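Notes for the one structure printed next.
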Amino acid sequence: MLIAIEGIDGSGKTTLAKELKKWLENEKKKKVLLTAEPFTEEISKLIQEEGWKDPVTLTLLFSADRGVHVNWIMKQNQYNIIITDRYYYSTIAYQSAMGIDKNWIVEVNKFFPKPELTLLLDIPAEIAITRIKKDDKFNFKEKLSLLQKVRENYLEIAKNENSIKIINSTKTFEEVLSEAKNYVEELIS
Ligand SMILES: Nc1ncnc2c1ncn2[C@@H]1O[C@H](COP(=O)(O)OP(=O)(O)O)[C@@H](O)[C@H]1O
Ligand SMILES: Cc1cn([C@H]2C[C@H](O)[C@@H](COP(=O)(O)OP(=O)(O)O)O2)c(=O)[nH]c1=O
């Protein structure tokens with residue numbers, strides 16, 4: 001079972017993913033694999049070096065990285081649940097905010113398995129930015145207007161996709177976690 005966590009930078013994805021894993025292992029006795037995108041060191045390096053200057057290359061690099069990631073996930077047979085911190089909705093939301101045609105991004109990513117559940121942490125970019133650490137390794141400089149557009153794109157995608165559940169991430173982390181647990185509980189019970 002594949003669960004994706006999505007949202008703009010600083011929305012709380014990494015924190016939530018870790019806590020969900022702990023809860024699923026300790027309370028629900030599940031074997032959980034926690035993973036994240038971008039996945040491969042080699043492609044992350046290319047993204048840092050040149051991809052971010054060019055949204056077409058960036059789309060292809062993130063999607064190629066996903067191909068490697070999915071092939072790796074397919075071999076991890078010992079787990080009941082796989083939680084990924086970012087998945088193809090990131091490419092759709094971010095790279096279309098950079099001007100790339102959404103349908104083309106969907107087409108490039110259509111071979112990858114669809115998550116049974118996607119938790120979308122929704123938060124205004126102004127608030128998320130105050131939570132982001134300074135060590136941004138991707139040179140995006142956390143541009144406010146870009147993240148605002150990315151947030152809108154995520155909400156637009158969620159409108160047409162029932163498996164994406166929106167969680168208001170301006171709430172306390174306890175509230176966010178509790179809502180997330182409810183959605184996961186529905187899925188596994
Ligand atoms: N609901 C919340 N309220 C306040 N701060 C939060 C909340 N969720 C996460 N944080 C904090 O915000 C920062 C960014 O969270 P992180 O999980 O790294 O986000 P992301 O992985 O989406 O970039 C961290 O310092 C984290 O402790
Ligand atoms: C996976 C993915 C990430 N990104 C961006 C989002 C982030 O700004 C950056 C790095 O992702 P990540 O390390 O997950 O950043 P954060 O933890 O701050 O959310 O790459 C894309 O633009 N497209 C994608 O397909």
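If you're wondering about the labels, chains in the structure tokens are A, B, ... by order shown, residues count from 1 in each chain, ligands from 1 in order shown.
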Exercise. DSSP on the backbone: what in segment 84-126 of chain A comes out alpha helix (DSSP H), as a VMD selection string?
Worked result: chain A and resid 88 to 97 102 to 108 125 to 126
Problem set entry | Near-ligand residues for ligand 2, threshold 6 Å, only C-alpha atoms and all ligand atoms, as number ranges by chain | A: 8-10, 37-38, 62, 86-88, 90-91, 94-95, 138
Problem set entry | Nearest candidate to ligand 1 (options A:Leu146, A:Ala128, A:Ile81, A:Ile73; using only C-alpha atoms and all ligand atoms) |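 The shortest atom-to-atom distance to ligand 1 comes from A:Ala128.
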For this session: Name the residues in contact with Asn80 of chain A at a cut-off of 7 Å, using only C-alpha atoms, excluding same-chain residues fewer than 6 positions from it; report them as JSON, numbers by chain.
Result: {"A": [1, 30, 31, 32]}
So that I have them on file, write out the residues from the current selection with C-alpha atoms, as a JSON list (two decimals), in the first residue's frame.
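Dumped to again-v4.json:
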[["chain", "number", "residue", "atom", "x", "y", "z"],
["A", 1, "MET", "CA", 0.00, 0.00, 0.00],
["A", 30, "LYS", "CA", 2.60, -2.65, 10.41],
["A", 31, "LYS", "CA", 5.91, -2.91, 8.61],
["A", 32, "VAL", "CA", 6.47, 0.55, 7.20]]
Exercise. Counting only C-alpha atoms, what is within 12 Å of segment 158-170 of chain A, bar same-chain residues fewer than 2 positions away, as an MDAnalysis selection string?
Worked result: chainID A and resid 2:13 15:16 89 92:93 114:128 130:131 151:156 172:184 186:187
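Rounded to one decimal, atom CA of Leu34 of chain A and atom CA of Ile100 of chain A lie 29.3 Å from each other.
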Exercise. Quick one: residues within 12 Å of Glu41 of chain A, only C-alpha atoms counted, chain neighbours fewer than 4 positions away excluded, as a list in words?
Worked result: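 Returned residues: Ala36, Glu37, Lys45, Leu46, Ile47, Gln48, Leu61, Phe62, Asp65, Val68 and His69 of chain A.
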Using C-alpha atoms, can you write the selected residues to a file as a JSON list (two decimals), in the first residue's frame?
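After the write, part_13.json holds the following:
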[["chain", "number", "residue", "atom", "x", "y", "z"],
["A", 36, "ALA", "CA", 11.30, 10.36, -0.08],
["A", 37, "GLU", "CA", 11.77, 12.10, -3.38],
["A", 45, "LYS", "CA", 23.17, 16.34, -8.13],
["A", 46, "LEU", "CA", 22.09, 17.02, -11.71],
["A", 47, "ILE", "CA", 19.05, 18.92, -10.46],
["A", 48, "GLN", "CA", 21.28, 21.08, -8.28],
["A", 61, "LEU", "CA", 14.99, 14.76, -14.08],
["A", 62, "PHE", "CA", 12.38, 14.53, -11.31],
["A", 65, "ASP", "CA", 14.38, 10.01, -10.44],
["A", 68, "VAL", "CA", 14.45, 4.73, -10.27],
["A", 69, "HIS", "CA", 12.58, 5.24, -6.99]]
For this session: Just the strand (DSSP E or B) stuff from segment 1-132 of chain A, please, per backbone DSSP, written as a list in words.
Result: Leu2, Ile3, Ala4, Ile5, Glu6, Gly7, Val32, Leu33, Leu34, Thr35, Ala36, Ile81, Ile82, Ile83, Thr84, Asp85, Leu117, Thr118, Leu119, Leu120, Leu121 and Asp122 of chain A
Seminar exercise, completed: The residue from A:Ile188, A:Leu20, A:Ile43, A:Val56 with the smallest atom-to-atom distance to Trp104 of chain A, counting only C-alpha atoms, is A:Val56
For this session: Could you check how far atom CA of Thr35 of chain A sits from atom CA of Ile82 of chain A, in Å to one decimal?
Result: 7.4 Å
Problem set entry | Atomic separation - atom CA of Ala64 of chain A relative to atom CA of Glu19 of chain A, Å | 28.5 Å
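Distance annotation: of A:Ile157, A:Leu144, A:Leu58, A:Ile132, the residue with the minimal separation from Val106 of chain A is A:Ile157; atom set is only C-alpha atoms.
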